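Peer 1: One structure, pasted below without further comment.
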Amino acid sequence: MKIITTHKGSDFDALASLAAATILYPDAKPVLPGSVNANLKTFLSIHKDLFDFYSPEEIDYTEVDTLIVVDTHTWERLDQRMEGLKEKQDLRIIVWDHHVEGDMETQEKRIKETGATITLLIQEIENQRKLITPIQATLFLMGLYEDTGNLSFPSTLPEDAYAAGFLLDRKADLNILATFLKPAYSKRQKDILFDMVQKAERTELGGFSFSLSRLDISGRVQNLAMVVQMYRDIVNVDVAFGIFRDIEQDKCMVIGRSSVDEINIGVIMRSMGGGDTPGRDQPY
Ligand SMILES: [Mn+2]
C-alpha cells in the first residue's frame, strides 16, 4: 500500500500539497494528520466533502510499502501513529519539500527552497499535463499564498509566482481565497499591535523611513509577522522591525517588514543569524 502524508499542525500548504500529491500518485491513500491548524479546521468543516482523506488510525501500517511525504521530511513532524514506519525495512520514501532540513533518508526527493511546497508539485502537475479542477486550483493557491504572504515574503521565488499564474489560469477563485486566508486576529495580536502603535517612533535614515518596536511577550504568538506588517502599514514607514522578547522562554525574535526594493529584509535577517525563510515567524 502507498500512503501520502504531511506534517502535524497542517497548514494550507500542507493540505494543498497532500491533495496535489494524490493527482501525481493516484494509487496512494492521502492521510491527514490528527492535528491541523485553526484556519484549516474552518476550511475543512465546510469543504470536507471535497476531499477523501484518511485519518491516521484508518491505516494498517504493516501494509505500507511506500511513504510519500509532503511539506516536511522530518520523522518527528509526522503523526505519532506513523512512528513504526521509521523502523520498517525496505520502506520506499518519496519526499516533496521546501524545507532543507530533515532526517528522512531517501534517494527520491524533490527539495528546493521555494516559498511553498505546493509550487514543486504544481510544476510536476504542469509537466505531466494533469488536469485540475477550479476548486483544486483554489486550494493550491491558498497554500501558495499562505506560505508566501501572497507572494510578498522574501522567501518567494520566481517559480512561486509562475505557479500562481498557472493556478489563476486554471480558475482559482480569489473570493474563496480571501475568506479563508483572512488571518484570525486574536485579542492577543490586537493587544500587541496596540502596544506597538502607541510607542511608535519614526526615524529617517538614508532617505528611508524606519520604525523599530521592542516588546515583551509571554509564550508563542501566532502570526506575529502579520502584526508587524500591519504595524508598518499603520505607522506608514518603509521598513518596520519588531523585536519581541519572550519572557517565558527567554528568547528573542526579530521580524522585519520592508515595502521598498532597496532594503532587503532577507539580507538583514541573515546578518543577524536569521533562518532560511526571512520574515516568517512560523516554522512551517
Ligand atoms: Mn510549507
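Going through the C-alpha cells in order, the chains are called A, B, and so on, while each chain numbers its residues from 1 and the ligands are numbered from 1 in the order shown.
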Extract, using only C-alpha atoms, all DNA, RNA and protein residues at most 7 Å from region 94-101 of chain A, discarding same-chain residues fewer than 4 positions from it, and format them as number ranges by chain.
Peer 2: A: 67-73, 106, 108-114, 116-117
Peer 1: DSSP on the backbone: which residues in region 99-267 of chain A end up as helix (DSSP H, G or I)? Give the answer as a ChimeraX atom specification.
Peer 2: /A:117-127,134-148,158-169,174-181,187-198,224-235,265-267
Peer 1: For each of A:Leu205, A:Ile125, A:Leu120, A:Ala28, take the minimum atom-to-atom distance to ligand 1, counting only C-alpha atoms and all ligand atoms, then give the residue where this is smallest.
Peer 2: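 Of the candidates, the smallest distance to ligand 1 is held by A:Leu120.
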Peer 1: Nearest residue to Tyr25 (chain A) out of A:Asp90, A:Glu124, A:Asp11, A:Glu105, using only C-alpha atoms?
Peer 2: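 Under the stated criterion, the closest residue is A:Glu124.
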Peer 1: If you count only C-alpha atoms, which residues fall within 10 Å of Arg170 (chain A), apart from same-chain ones fewer than 2 positions away, as a PyMOL selection string?
Peer 2: chain A and resi 131-138+164-168+172-173
